[in-house]
$ cat query.txt   # compact mmCIF, C-alpha atoms and all ligand atoms
# COMPACT_ATOMS: atom_id res chain seq x y z
CA MET N 1 19.90 15.44 2.06
CA HIS N 2 19.89 12.84 4.82
CA PRO N 3 21.62 9.70 3.47
CA GLU N 4 18.78 7.40 4.53
CA LEU N 5 16.31 9.44 2.48
CA GLN N 6 18.52 9.07 -0.58
CA ALA N 7 17.66 5.37 -0.53
CA HIS N 8 13.91 6.05 -0.69
CA PRO N 9 13.45 6.36 -4.48
CA ALA N 10 14.83 2.83 -4.92
CA TYR N 11 12.66 1.50 -2.08
CA PHE N 12 9.51 3.11 -3.49
CA GLU N 13 10.05 1.90 -7.07
CA LYS N 14 6.68 1.17 -8.69
CA ASP N 15 5.61 -2.45 -8.61
CA VAL N 16 2.55 -4.65 -8.66
CA VAL N 17 3.24 -7.22 -5.98
CA GLN N 18 1.41 -10.52 -5.75
CA LEU N 19 0.76 -11.12 -2.05
CA ALA N 20 -1.25 -14.34 -2.44
CA ASP N 21 -2.56 -16.21 -5.48
CA ASN N 22 -5.45 -13.74 -5.89
CA VAL N 23 -4.26 -10.69 -3.91
CA TYR N 24 -2.24 -7.87 -5.48
CA GLN N 25 -0.69 -4.69 -4.16
CA ALA N 26 -0.08 -1.63 -6.32
CA PHE N 27 3.02 -0.16 -4.70
CA GLY N 28 4.84 3.09 -5.41
CA PHE N 29 2.20 4.55 -7.72
CA ALA N 30 0.99 7.04 -5.14
CA ALA N 31 1.47 8.07 -1.54
CA SER N 32 -0.59 5.06 -0.48
CA ASN N 33 -1.04 1.49 -1.66
CA VAL N 34 -4.03 -0.01 -3.47
CA TYR N 35 -5.04 -3.65 -3.07
CA MET N 36 -6.97 -5.87 -5.45
CA ILE N 37 -8.53 -9.19 -4.49
CA VAL N 38 -9.67 -11.31 -7.43
CA GLY N 39 -12.84 -13.29 -6.75
CA ASP N 40 -14.81 -15.80 -8.84
CA ASP N 41 -16.69 -13.24 -10.88
CA GLY N 42 -15.52 -9.88 -9.68
CA LEU N 43 -12.87 -7.76 -7.97
CA ILE N 44 -12.54 -6.09 -4.60
CA ILE N 45 -10.45 -2.94 -4.35
CA VAL N 46 -9.12 -1.74 -1.00
CA ASP N 47 -8.15 1.96 -0.89
CA THR N 48 -7.89 4.21 -3.91
CA THR N 49 -4.86 6.61 -3.60
CA GLU N 50 -4.79 10.40 -3.39
CA THR N 51 -5.29 11.31 -7.06
CA THR N 52 -7.44 10.19 -9.95
CA THR N 53 -4.29 10.03 -12.11
CA ALA N 54 -2.58 7.55 -9.81
CA ALA N 55 -5.80 5.56 -9.57
CA GLU N 56 -5.96 5.40 -13.40
CA ASN N 57 -2.37 4.17 -13.52
CA VAL N 58 -3.09 1.51 -10.90
CA LEU N 59 -6.28 0.39 -12.61
CA ALA N 60 -4.42 0.03 -15.92
CA GLU N 61 -1.94 -2.30 -14.21
CA PHE N 62 -4.68 -4.28 -12.48
CA ARG N 63 -6.50 -4.64 -15.82
CA LYS N 64 -3.46 -6.54 -17.14
CA ILE N 65 -4.23 -9.14 -14.45
CA SER N 66 -8.02 -9.30 -14.55
CA ASP N 67 -10.85 -7.79 -16.56
CA LEU N 68 -13.55 -8.83 -14.11
CA PRO N 69 -15.88 -6.08 -12.91
CA ILE N 70 -15.10 -4.24 -9.68
CA LYS N 71 -17.84 -5.29 -7.27
CA THR N 72 -16.78 -3.53 -4.10
CA ILE N 73 -14.45 -0.76 -2.96
CA ILE N 74 -13.38 -0.85 0.68
CA LEU N 75 -11.89 2.26 2.32
CA THR N 76 -9.69 1.56 5.34
CA HIS N 77 -10.10 5.12 6.65
CA SER N 78 -11.05 8.56 5.44
CA HIS N 79 -7.65 10.21 4.94
CA ARG N 80 -7.51 11.83 1.52
CA ASP N 81 -4.54 9.79 0.34
CA HIS N 82 -6.73 6.66 0.47
CA ILE N 83 -10.13 7.83 -0.77
CA SER N 84 -9.46 10.24 -3.62
CA GLY N 85 -9.34 7.81 -6.54
CA ALA N 86 -12.65 6.08 -5.80
CA SER N 87 -14.45 7.44 -8.88
CA VAL N 88 -11.84 5.87 -11.18
CA PHE N 89 -12.44 2.39 -9.80
CA ALA N 90 -16.21 2.93 -9.74
CA ALA N 91 -16.43 4.22 -13.33
CA GLY N 92 -18.58 2.13 -15.63
CA GLY N 93 -19.87 -0.02 -12.80
CA ASN N 94 -21.86 0.41 -9.70
CA PRO N 95 -19.69 -1.01 -6.92
CA ASP N 96 -20.56 -0.88 -3.28
CA ILE N 97 -18.27 1.48 -1.39
CA LEU N 98 -17.76 0.35 2.19
CA ALA N 99 -16.29 2.38 5.04
CA SER N 100 -16.57 2.67 8.80
CA ASP N 101 -19.73 4.41 9.93
CA ILE N 102 -17.64 7.02 11.72
CA SER N 103 -15.61 7.86 8.62
CA SER N 104 -15.79 11.37 7.26
CA GLU N 105 -16.32 11.84 3.55
CA ASP N 106 -13.43 14.26 3.37
CA PRO N 107 -11.68 15.16 6.60
CA LEU N 108 -9.89 18.14 5.08
CA THR N 109 -12.93 20.03 3.90
CA ASP N 110 -15.64 18.54 6.06
CA THR N 111 -16.74 21.60 7.98
CA THR N 112 -18.55 19.55 10.57
CA THR N 113 -15.26 18.17 11.89
CA HIS N 114 -13.03 21.17 11.17
CA PRO N 115 -15.32 24.18 11.17
CA ARG N 116 -12.74 26.78 12.06
CA ALA N 117 -9.37 25.97 10.60
CA ALA N 118 -9.82 24.42 7.16
CA LYS N 119 -7.72 27.15 5.47
CA ALA N 120 -4.85 26.75 7.93
CA GLN N 121 -4.99 22.99 7.56
CA MET N 122 -4.83 23.22 3.78
CA ALA N 123 -1.74 25.46 3.96
CA ARG N 124 -0.06 23.23 6.53
CA THR N 125 -0.94 20.08 4.58
CA LYS N 126 0.78 21.52 1.51
CA ARG N 127 3.90 22.18 3.58
CA GLN N 128 3.91 18.79 5.35
CA PHE N 129 3.63 16.79 2.16
CA GLY N 130 5.79 19.16 0.12
CA ILE N 131 3.08 19.52 -2.51
CA GLY N 132 4.60 21.35 -5.46
CA LEU N 133 8.22 20.85 -4.39
CA SER N 134 10.53 19.64 -7.14
CA TYR N 135 11.66 16.04 -7.30
CA PRO N 136 14.29 14.91 -6.38
CA ASP N 137 16.10 18.01 -5.06
CA GLU N 138 13.40 19.39 -2.79
CA ILE N 139 11.17 16.35 -2.25
CA ILE N 140 12.61 12.86 -2.44
CA GLY N 141 9.67 11.13 -0.81
CA ILE N 142 7.01 11.74 1.80
CA GLY N 143 8.58 9.37 4.32
CA VAL N 144 6.06 6.60 3.71
CA GLY N 145 5.56 7.09 -0.02
CA PRO N 146 7.36 8.11 -3.21
CA GLY N 147 8.22 11.70 -4.11
CA ASN N 148 7.85 11.34 -7.89
CA ARG N 149 4.17 10.64 -8.16
CA PRO N 150 1.33 12.30 -10.07
CA LEU N 151 -0.46 15.15 -8.34
CA LYS N 152 -3.10 15.80 -11.01
CA GLY N 153 -6.57 14.96 -9.78
CA MET N 154 -5.62 15.22 -6.11
CA GLY N 155 -8.76 14.86 -4.03
CA GLY N 156 -10.69 14.63 -7.30
CA GLY N 157 -12.44 11.28 -7.09
CA ILE N 158 -13.87 11.15 -3.60
CA MET N 159 -17.19 9.31 -3.37
CA ALA N 160 -19.50 8.83 -0.43
CA PRO N 161 -19.66 5.28 0.91
CA THR N 162 -22.75 3.43 -0.24
CA ARG N 163 -22.79 1.44 2.97
CA LYS N 164 -21.23 2.15 6.34
CA ILE N 165 -20.06 -0.61 8.61
CA GLY N 166 -20.85 -0.38 12.33
CA GLU N 167 -18.59 -0.82 15.29
CA ALA N 168 -19.15 -4.60 15.47
CA GLY N 169 -17.62 -5.04 12.01
CA GLU N 170 -18.99 -7.46 9.47
CA LYS N 171 -18.25 -10.68 7.62
CA ILE N 172 -18.90 -10.25 3.92
CA THR N 173 -18.70 -12.51 0.90
CA ILE N 174 -18.00 -10.82 -2.42
CA ALA N 175 -17.45 -12.79 -5.60
CA GLY N 176 -16.88 -15.88 -3.48
CA VAL N 177 -14.25 -14.17 -1.31
CA GLU N 178 -14.98 -14.21 2.40
CA LEU N 179 -13.60 -11.21 4.25
CA GLU N 180 -13.88 -9.79 7.73
CA LEU N 181 -14.16 -6.04 8.15
CA VAL N 182 -12.93 -5.16 11.62
CA MET N 183 -12.77 -1.82 13.39
CA ALA N 184 -9.20 -1.05 14.43
CA PRO N 185 -8.81 2.54 15.66
CA GLY N 186 -5.20 3.69 15.46
CA GLU N 187 -3.83 6.44 13.26
CA THR N 188 -7.46 7.51 12.96
CA PRO N 189 -10.51 6.50 15.00
CA ASP N 190 -12.32 5.39 11.82
CA HIS N 191 -9.85 2.69 10.82
CA MET N 192 -11.43 -0.46 9.38
CA ILE N 193 -9.07 -3.28 8.49
CA VAL N 194 -9.67 -6.14 6.08
CA TRP N 195 -8.89 -9.70 7.14
CA TYR N 196 -8.85 -12.38 4.47
CA PRO N 197 -8.71 -15.55 6.60
CA ALA N 198 -8.42 -18.06 3.75
CA LYS N 199 -5.12 -16.46 2.67
CA LYS N 200 -4.08 -15.05 6.08
CA VAL N 201 -3.70 -11.60 4.51
CA LEU N 202 -4.35 -8.58 6.74
CA ILE N 203 -4.86 -5.23 5.02
CA SER N 204 -4.12 -3.00 7.95
CA GLY N 205 -4.54 0.60 6.76
CA ASP N 206 -2.24 3.14 8.36
CA ASN N 207 -1.88 1.39 11.72
CA PHE N 208 1.55 0.17 10.64
CA TYR N 209 4.06 1.43 8.07
CA ARG N 210 7.82 1.62 7.70
CA SER N 211 8.37 4.65 9.90
CA PHE N 212 7.89 5.71 13.48
CA PRO N 213 4.10 6.18 13.67
CA ASN N 214 2.71 9.58 12.90
CA LEU N 215 1.14 10.07 16.30
CA TYR N 216 0.89 13.75 15.50
CA ALA N 217 0.79 15.24 12.00
CA ILE N 218 2.19 18.77 11.70
CA ARG N 219 -0.51 19.59 9.16
CA GLY N 220 -2.66 19.91 12.28
CA THR N 221 -4.52 16.93 13.64
CA GLU N 222 -6.63 16.21 16.63
CA TYR N 223 -5.21 14.00 19.39
CA ARG N 224 -4.61 10.47 18.20
CA ASP N 225 -5.27 8.11 21.07
CA PHE N 226 -1.87 6.53 21.80
CA ASP N 227 -3.13 3.75 24.09
CA THR N 228 -5.82 2.77 21.62
CA TRP N 229 -3.30 2.59 18.78
CA ALA N 230 -1.01 0.37 20.89
CA ASP N 231 -3.96 -1.88 21.78
CA THR N 232 -4.85 -2.15 18.11
CA LEU N 233 -1.37 -3.49 17.33
CA ASP N 234 -2.12 -6.35 19.72
CA GLN N 235 -5.39 -6.81 17.87
CA LEU N 236 -3.55 -7.04 14.52
CA MET N 237 -1.13 -9.62 15.95
CA ALA N 238 -4.01 -11.75 17.20
CA PHE N 239 -5.01 -12.52 13.60
CA GLU N 240 -1.60 -14.18 13.15
CA PRO N 241 -1.32 -12.90 9.58
CA GLU N 242 1.11 -14.45 7.11
CA VAL N 243 0.98 -11.28 5.01
CA LEU N 244 0.70 -7.79 6.50
CA ALA N 245 -0.48 -5.39 3.82
CA PRO N 246 -0.14 -1.81 5.05
CA GLY N 247 -1.62 1.39 3.63
CA HIS N 248 1.90 2.69 3.00
CA THR N 249 5.27 1.02 2.40
CA LYS N 250 5.98 -2.60 1.52
CA ALA N 251 4.06 -5.64 2.70
CA LEU N 252 5.63 -7.91 5.31
CA PHE N 253 5.65 -11.68 4.88
CA GLY N 254 5.85 -14.48 7.42
CA ALA N 255 4.10 -14.78 10.77
CA ASP N 256 7.29 -14.34 12.83
CA THR N 257 8.50 -11.28 10.93
CA ILE N 258 5.09 -9.66 11.23
CA ARG N 259 4.70 -10.42 14.91
CA ALA N 260 8.16 -8.99 15.63
CA ALA N 261 7.48 -5.80 13.68
CA LEU N 262 4.06 -5.21 15.24
CA THR N 263 5.52 -5.89 18.69
CA ASP N 264 8.23 -3.27 18.08
CA TYR N 265 5.64 -0.79 16.90
CA ARG N 266 3.42 -1.37 19.93
CA ASP N 267 6.38 -1.19 22.30
CA ALA N 268 7.58 2.07 20.76
CA ILE N 269 4.20 3.71 21.34
CA ARG N 270 3.96 2.31 24.86
CA HIS N 271 7.51 3.52 25.60
CA VAL N 272 6.66 7.08 24.55
CA VAL N 273 3.48 6.99 26.62
CA ASP N 274 5.25 5.62 29.71
CA GLU N 275 8.20 8.00 29.54
CA THR N 276 6.02 11.03 28.91
CA ARG N 277 3.55 10.10 31.63
CA ASN N 278 6.35 9.48 34.14
CA GLY N 279 7.94 12.79 33.23
CA MET N 280 4.65 14.61 33.66
CA ASP N 281 4.20 12.97 37.06
CA ALA N 282 7.67 14.19 37.99
CA GLY N 283 6.62 17.76 37.12
CA ARG N 284 8.62 18.05 33.92
CA THR N 285 7.39 20.36 31.17
CA ILE N 286 6.38 19.62 27.63
CA ASP N 287 9.57 21.16 26.18
CA ASP N 288 11.79 19.23 28.59
CA LEU N 289 10.14 15.95 27.67
CA ALA N 290 10.18 16.65 23.94
CA HIS N 291 13.96 16.92 24.25
CA SER N 292 14.60 14.03 26.61
CA VAL N 293 12.25 11.18 25.65
CA LYS N 294 13.93 8.85 23.14
CA LEU N 295 13.27 5.36 21.89
CA PRO N 296 15.64 2.75 23.32
CA PRO N 297 18.41 2.00 20.79
CA ASN N 298 17.12 -1.50 19.99
CA LEU N 299 13.87 0.08 18.76
CA ALA N 300 15.26 3.32 17.32
CA GLU N 301 17.47 1.40 14.92
CA LYS N 302 14.66 -0.68 13.40
CA PRO N 303 13.80 0.38 9.83
CA HIS N 304 10.09 0.46 10.71
CA LEU N 305 10.76 2.90 13.56
CA ARG N 306 13.05 5.41 11.84
CA GLU N 307 11.57 8.90 11.95
CA TYR N 308 10.90 9.20 8.22
CA TYR N 309 7.27 10.24 8.78
CA GLY N 310 6.39 10.43 12.48
CA ARG N 311 8.72 11.91 15.11
CA VAL N 312 9.19 10.86 18.71
CA ASP N 313 9.33 14.44 20.04
CA PHE N 314 6.17 15.36 18.13
CA ALA N 315 4.50 12.35 19.73
CA VAL N 316 5.63 13.42 23.20
CA ARG N 317 4.17 16.89 22.67
CA ALA N 318 0.95 15.46 21.29
CA TYR N 319 0.55 13.12 24.23
CA PHE N 320 1.15 15.95 26.70
CA VAL N 321 -1.33 18.29 25.01
CA GLY N 322 -3.79 15.50 24.31
CA THR N 323 -3.95 14.46 27.95
CA VAL N 324 -3.53 17.69 29.98
CA GLY N 325 -3.87 20.46 27.40
CA TRP N 326 -1.55 23.36 26.59
CA PHE N 327 -0.44 24.40 30.08
CA ASP N 328 2.98 22.90 30.86
CA GLY N 329 2.53 23.08 34.63
CA ASN N 330 5.10 25.83 35.23
CA PRO N 331 3.43 28.90 36.79
CA THR N 332 5.66 31.16 34.69
CA SER N 333 3.84 29.86 31.64
CA LEU N 334 0.40 30.93 32.80
CA SER N 335 0.72 34.54 31.64
CA PRO N 336 3.81 34.88 29.44
CA LEU N 337 4.79 38.18 27.85
CA SER N 338 3.55 38.70 24.33
CA PRO N 339 6.09 37.39 21.81
CA ASN N 340 6.73 40.91 20.51
CA ASP N 341 7.33 42.26 23.99
CA GLU N 342 9.61 39.37 24.91
CA ALA N 343 11.58 39.81 21.66
CA ALA N 344 12.10 43.53 22.22
CA ARG N 345 13.32 43.00 25.77
CA LEU N 346 15.69 40.15 24.89
CA ILE N 347 17.21 42.08 21.98
CA ASP N 348 17.75 45.01 24.30
CA LEU N 349 19.32 42.71 26.89
CA ALA N 350 21.63 41.25 24.24
CA GLY N 351 22.96 44.71 23.40
CA GLY N 352 20.67 45.63 20.54
CA PRO N 353 19.84 44.28 17.05
CA ASP N 354 23.41 44.41 15.73
CA ALA N 355 24.59 42.10 18.51
CA VAL N 356 21.78 39.70 17.65
CA VAL N 357 22.68 39.82 13.94
CA ALA N 358 26.27 38.95 14.87
CA ALA N 359 25.02 36.02 16.93
CA ILE N 360 22.96 34.86 13.95
CA ASP N 361 26.03 34.98 11.70
CA LYS N 362 27.95 32.89 14.20
CA ALA N 363 25.10 30.40 14.57
CA ARG N 364 24.92 29.97 10.78
CA ALA N 365 28.67 29.44 10.59
CA ASP N 366 28.36 26.81 13.33
CA LYS N 367 25.39 25.16 11.57
CA ASP N 368 23.43 25.91 14.71
CA TYR N 369 20.36 26.52 12.60
CA GLN N 370 17.64 26.23 15.23
CA TRP N 371 19.29 28.94 17.32
CA ALA N 372 19.67 31.10 14.23
CA LEU N 373 15.96 30.73 13.50
CA GLN N 374 14.95 31.62 17.03
CA LEU N 375 17.09 34.78 16.89
CA ILE N 376 15.87 35.77 13.42
CA ASP N 377 12.26 35.39 14.54
CA ARG N 378 12.88 37.87 17.33
CA LEU N 379 14.31 40.45 14.94
CA ILE N 380 11.33 39.95 12.63
CA ARG N 381 9.09 40.48 15.67
CA VAL N 382 10.54 43.94 16.27
CA ASP N 383 10.53 44.68 12.55
CA HIS N 384 14.31 45.07 12.37
CA ASP N 385 15.44 45.00 8.71
CA ALA N 386 12.43 42.78 8.13
CA ASP N 387 12.81 42.03 4.41
CA ASN N 388 16.41 40.93 4.82
CA MET N 389 15.53 38.94 7.94
CA ARG N 390 12.82 37.07 6.04
CA GLN N 391 15.28 36.21 3.28
CA LEU N 392 17.79 35.16 5.92
CA LYS N 393 15.15 32.97 7.55
CA ALA N 394 14.44 31.35 4.19
CA ASP N 395 18.16 30.65 3.72
CA VAL N 396 18.47 29.13 7.18
CA LEU N 397 15.36 27.00 6.70
CA ARG N 398 16.82 25.57 3.49
CA ALA N 399 20.10 24.85 5.22
CA HIS N 400 18.33 23.31 8.21
CA ALA N 401 16.28 21.06 5.90
CA VAL N 402 19.38 19.29 4.58
CA ALA N 403 20.12 17.11 7.60
CA GLN N 404 16.50 16.21 8.42
CA ILE N 405 15.50 12.56 8.30
CA ASN N 406 11.84 13.45 8.86
CA CYS N 407 10.19 14.22 5.54
CA PRO N 408 7.33 16.37 6.87
CA THR N 409 9.91 18.52 8.73
CA ARG N 410 12.13 18.78 5.67
CA HIS N 411 9.21 19.80 3.46
CA TYR N 412 7.85 22.24 6.00
CA TYR N 413 11.20 24.04 6.09
CA ILE N 414 11.61 24.18 2.32
CA GLN N 415 8.00 25.11 1.56
CA SER N 416 8.08 27.82 4.24
CA ALA N 417 11.32 29.16 2.73
CA LYS N 418 9.59 29.45 -0.63
CA GLU N 419 6.66 31.23 0.93
CA LEU N 420 9.01 33.72 2.62
CA GLU N 421 10.82 34.34 -0.67
CA ALA N 422 7.50 34.90 -2.41
CA GLY N 423 6.60 37.44 0.24
CA SER N 424 3.59 35.54 1.50
ZN ZN N 501 -2.26 7.19 4.61

$ encode --input "query.txt" --output "structure tokens"
Amino acid sequence: MHPELQAHPAYFEKDVVQLADNVYQAFGFAASNVYMIVGDDGLIIVDTTETTTAAENVLAEFRKISDLPIKTIILTHSHRDHISGASVFAAGGNPDILASDISSEDPLTDTTTHPRAAKAQMARTKRQFGIGLSYPDEIIGIGVGPGNRPLKGMGGGIMAPTRKIGEAGEKITIAGVELELVMAPGETPDHMIVWYPAKKVLISGDNFYRSFPNLYAIRGTEYRDFDTWADTLDQLMAFEPEVLAPGHTKALFGADTIRAALTDYRDAIRHVVDETRNGMDAGRTIDDLAHSVKLPPNLAEKPHLREYYGRVDFAVRAYFVGTVGWFDGNPTSLSPLSPNDEAARLIDLAGGPDAVVAAIDKARADKDYQWALQLIDRLIRVDHDADNMRQLKADVLRAHAVAQINCPTRHYYIQSAKELEAGS
């Protein structure tokens, strides 16, 4: 396992953190954080985790602090890891549930937004998050959340918002607490952040966390608007928060620390956009740019820009496809051979399957795992010794997973290995 990931269980240790005299963060209980603001005669909950079990655990901790009724639940965006425990916090009361008016009730199964590929997205989501992988050997964390967290009740407590907030946002007063709900499109277009001016606390959803931003999720996401996300980081800075309370990972404290971190985050996105755009203008292809665009060292070394969750090369690819579509600009790519045809011809050119198998053995010995995978795939394409090749692919995927710093990549390799071994 990558040494930096080995430090994640200690970082994600469960804790209820007091962010201001009446603001609490439940940290490490689930993939995402839950916030509680204590008002005069009631509570406000912001985000609800991905499972009813985690939500129950969080509520039990919050109940040690206050037994006031929950008046309002605010959802920062409609990703499942933030909305799935709503019914737990709503139980026994009748709280308002507020969300952006462009939020989807459940983006994974909402057939109006994903009418064609829900099954594929479910399978890919399981692989990205390593759902079902064993802790701590296979999954140590999800990059921006703990690995040892309850999975029971996943997606089980989703509730429709009782009131949707329009693009202009809204100032609300709940139990004597004055809050501003502000639209802040970033990781998703439906992001709504919560600004608590009296305490200078900004609950910022998934527009910032301790990882390079997930500008593309390998579970399969639509284009996330890079320029908009970068603009939103300026918007977050303009509040001049003293506490930045993100949807994942620890809160940041102090205006200078927060400004510096948000500036880094914005600059990292802008750097990827600029480098990719310049490369495209110079006629370079998507694969070239995915290999060549890097963060400058002063940004790449920052803990909040390590590639624990998002990846720079994934972002480059997403920007390319999101702005000009799949065609890389090279005329050769307009009508490529079918993968099976290409595999058969290359194997022939290499001297036949046995020569390719020998090259795979060498690649494995050299820990050149990506090359091994690309060769194995070609033998599987031509149905050469297919069962053994699938097992070999599983072995190589497991070996390749070891050095990965990116948790979605690591999980995707291991989960795919298990699927190959199970014959699926
Ligand atoms: Zn999230």

$ atom_distance --input "query.txt" --atom1 "CA of Thr48 in chain N" --atom2 "CA of Val34 in chain N"
5.7 Å

$ closest_atom_pairs --input "query.txt" --of "chain N" --to "ligand ZN 501 (chain N)" --cutoff "12 Å" --atoms "all atoms listed in the file" --output "Markdown table"
| residue | atom | partner | partner_atom | distance |
| --- | --- | --- | --- | --- |
| N:Ala30 | CA | N:ZN501 | ZN | 10.3 |
| N:Ala31 | CA | N:ZN501 | ZN | 7.2 |
| N:Ser32 | CA | N:ZN501 | ZN | 5.8 |
| N:Asn33 | CA | N:ZN501 | ZN | 8.6 |
| N:Val34 | CA | N:ZN501 | ZN | 11.0 |
| N:Asp47 | CA | N:ZN501 | ZN | 9.6 |
| N:Thr48 | CA | N:ZN501 | ZN | 10.6 |
| N:Thr49 | CA | N:ZN501 | ZN | 8.6 |
| N:Glu50 | CA | N:ZN501 | ZN | 9.0 |
| N:Leu75 | CA | N:ZN501 | ZN | 11.1 |
| N:Thr76 | CA | N:ZN501 | ZN | 9.4 |
| N:His77 | CA | N:ZN501 | ZN | 8.4 |
| N:Ser78 | CA | N:ZN501 | ZN | 8.9 |
| N:His79 | CA | N:ZN501 | ZN | 6.2 |
| N:Arg80 | CA | N:ZN501 | ZN | 7.7 |
| N:Asp81 | CA | N:ZN501 | ZN | 5.5 |
| N:His82 | CA | N:ZN501 | ZN | 6.1 |
| N:Ile83 | CA | N:ZN501 | ZN | 9.6 |
| N:Ser84 | CA | N:ZN501 | ZN | 11.4 |
| N:Phe129 | CA | N:ZN501 | ZN | 11.5 |
| N:Ile142 | CA | N:ZN501 | ZN | 10.7 |
| N:Gly143 | CA | N:ZN501 | ZN | 11.1 |
| N:Val144 | CA | N:ZN501 | ZN | 8.4 |
| N:Gly145 | CA | N:ZN501 | ZN | 9.1 |
| N:Gly186 | CA | N:ZN501 | ZN | 11.8 |
| N:Glu187 | CA | N:ZN501 | ZN | 8.8 |
| N:Thr188 | CA | N:ZN501 | ZN | 9.8 |
| N:His191 | CA | N:ZN501 | ZN | 10.8 |
| N:Ser204 | CA | N:ZN501 | ZN | 10.9 |
| N:Gly205 | CA | N:ZN501 | ZN | 7.3 |
| N:Asp206 | CA | N:ZN501 | ZN | 5.5 |
| N:Asn207 | CA | N:ZN501 | ZN | 9.2 |
| N:Phe208 | CA | N:ZN501 | ZN | 10.0 |
| N:Tyr209 | CA | N:ZN501 | ZN | 9.2 |
| N:Arg210 | CA | N:ZN501 | ZN | 11.9 |
| N:Pro213 | CA | N:ZN501 | ZN | 11.1 |
| N:Asn214 | CA | N:ZN501 | ZN | 10.0 |
| N:Ala217 | CA | N:ZN501 | ZN | 11.3 |
| N:Pro246 | CA | N:ZN501 | ZN | 9.3 |
| N:Gly247 | CA | N:ZN501 | ZN | 5.9 |
| N:His248 | CA | N:ZN501 | ZN | 6.3 |
| N:Thr249 | CA | N:ZN501 | ZN | 10.0 |
| N:Tyr309 | CA | N:ZN501 | ZN | 10.8 |

$ residues_around --input "query.txt" --residues "Gly156 in chain N" --least-positions-apart "3" --cutoff "10 Å" --atoms "all atoms listed in the file" --output "count of residues only"
14

$ atom_distance --input "query.txt" --atom1 "CA of Glu275 in chain N" --atom2 "CA of Trp371 in chain N"
26.7 Å

$ atom_distance --input "query.txt" --atom1 "CA of Phe212 in chain N" --atom2 "CA of Arg410 in chain N"
15.8 Å

$ closest_residue --input "query.txt" --among "N:Gln128, N:Ile269, N:Ala401, N:Thr162" --to "Asn94 in chain N" --atoms "only C-alpha atoms"
N:Thr162

$ residues_around --input "query.txt" --residues "Glu419 in chain N" --least-positions-apart "6" --cutoff "10 Å" --atoms "only C-alpha atoms" --output "PyMOL selection string"
chain N and resi 127+390+394+413

$ residues_near_point --input "query.txt" --point "(-0.3, -5.2, 11.3)" --cutoff "8 Å" --atoms "all atoms listed in the file" --output "ChimeraX atom specification"
/N:202-204,207-208,233,236-237,241,244-246,258,262

$ closest_residue --input "query.txt" --among "N:Arg378, N:Lys164, N:Arg277, N:Arg306" --to "Ala99 in chain N" --atoms "all atoms listed in the file"
N:Lys164

$ residues_near_point --input "query.txt" --point "(19.0, 14.4, 7.1)" --cutoff "12 Å" --atoms "only C-alpha atoms" --output "ChimeraX atom specification"
/N:1-7,140,143,306-308,398-411

$ decode --input "query.txt" --residues "range 30-41 of chain N" --atoms "N, CA and C atoms" --output "JSON list (two decimals), in the first residue's frame"
[["chain", "number", "residue", "atom", "x", "y", "z"],
["N", 30, "ALA", "N", -18.48, 8.53, 8.64],
["N", 30, "ALA", "CA", -18.99, 8.12, 7.33],
["N", 30, "ALA", "C", -18.07, 8.72, 6.27],
["N", 31, "ALA", "N", -18.39, 8.45, 5.02],
["N", 31, "ALA", "CA", -17.59, 9.04, 3.94],
["N", 31, "ALA", "C", -17.59, 10.56, 4.03],
["N", 32, "SER", "N", -18.74, 11.12, 4.44],
["N", 32, "SER", "CA", -18.86, 12.58, 4.47],
["N", 32, "SER", "C", -19.15, 13.06, 5.88],
["N", 33, "ASN", "N", -18.97, 14.35, 6.09],
["N", 33, "ASN", "CA", -19.19, 14.97, 7.40],
["N", 33, "ASN", "C", -20.65, 15.39, 7.58],
["N", 34, "VAL", "N", -21.04, 15.49, 8.84],
["N", 34, "VAL", "CA", -22.36, 16.04, 9.19],
["N", 34, "VAL", "C", -22.11, 17.23, 10.11],
["N", 35, "TYR", "N", -22.87, 18.29, 9.94],
["N", 35, "TYR", "CA", -22.75, 19.47, 10.79],
["N", 35, "TYR", "C", -24.03, 19.69, 11.58],
["N", 36, "MET", "N", -23.86, 20.17, 12.81],
["N", 36, "MET", "CA", -25.00, 20.53, 13.64],
["N", 36, "MET", "C", -24.78, 21.95, 14.16],
["N", 37, "ILE", "N", -25.79, 22.78, 13.94],
["N", 37, "ILE", "CA", -25.78, 24.14, 14.51],
["N", 37, "ILE", "C", -26.88, 24.19, 15.56],
["N", 38, "VAL", "N", -26.50, 24.58, 16.77],
["N", 38, "VAL", "CA", -27.46, 24.62, 17.88],
["N", 38, "VAL", "C", -28.03, 26.03, 17.99],
["N", 39, "GLY", "N", -29.34, 26.14, 17.81],
["N", 39, "GLY", "CA", -30.02, 27.43, 17.93],
["N", 39, "GLY", "C", -30.70, 27.56, 19.28],
["N", 40, "ASP", "N", -31.53, 28.63, 19.41],
["N", 40, "ASP", "CA", -32.18, 28.90, 20.71],
["N", 40, "ASP", "C", -33.10, 27.75, 21.13],
["N", 41, "ASP", "N", -33.90, 27.28, 20.18],
["N", 41, "ASP", "CA", -34.89, 26.26, 20.54],
["N", 41, "ASP", "C", -34.93, 25.14, 19.52]]
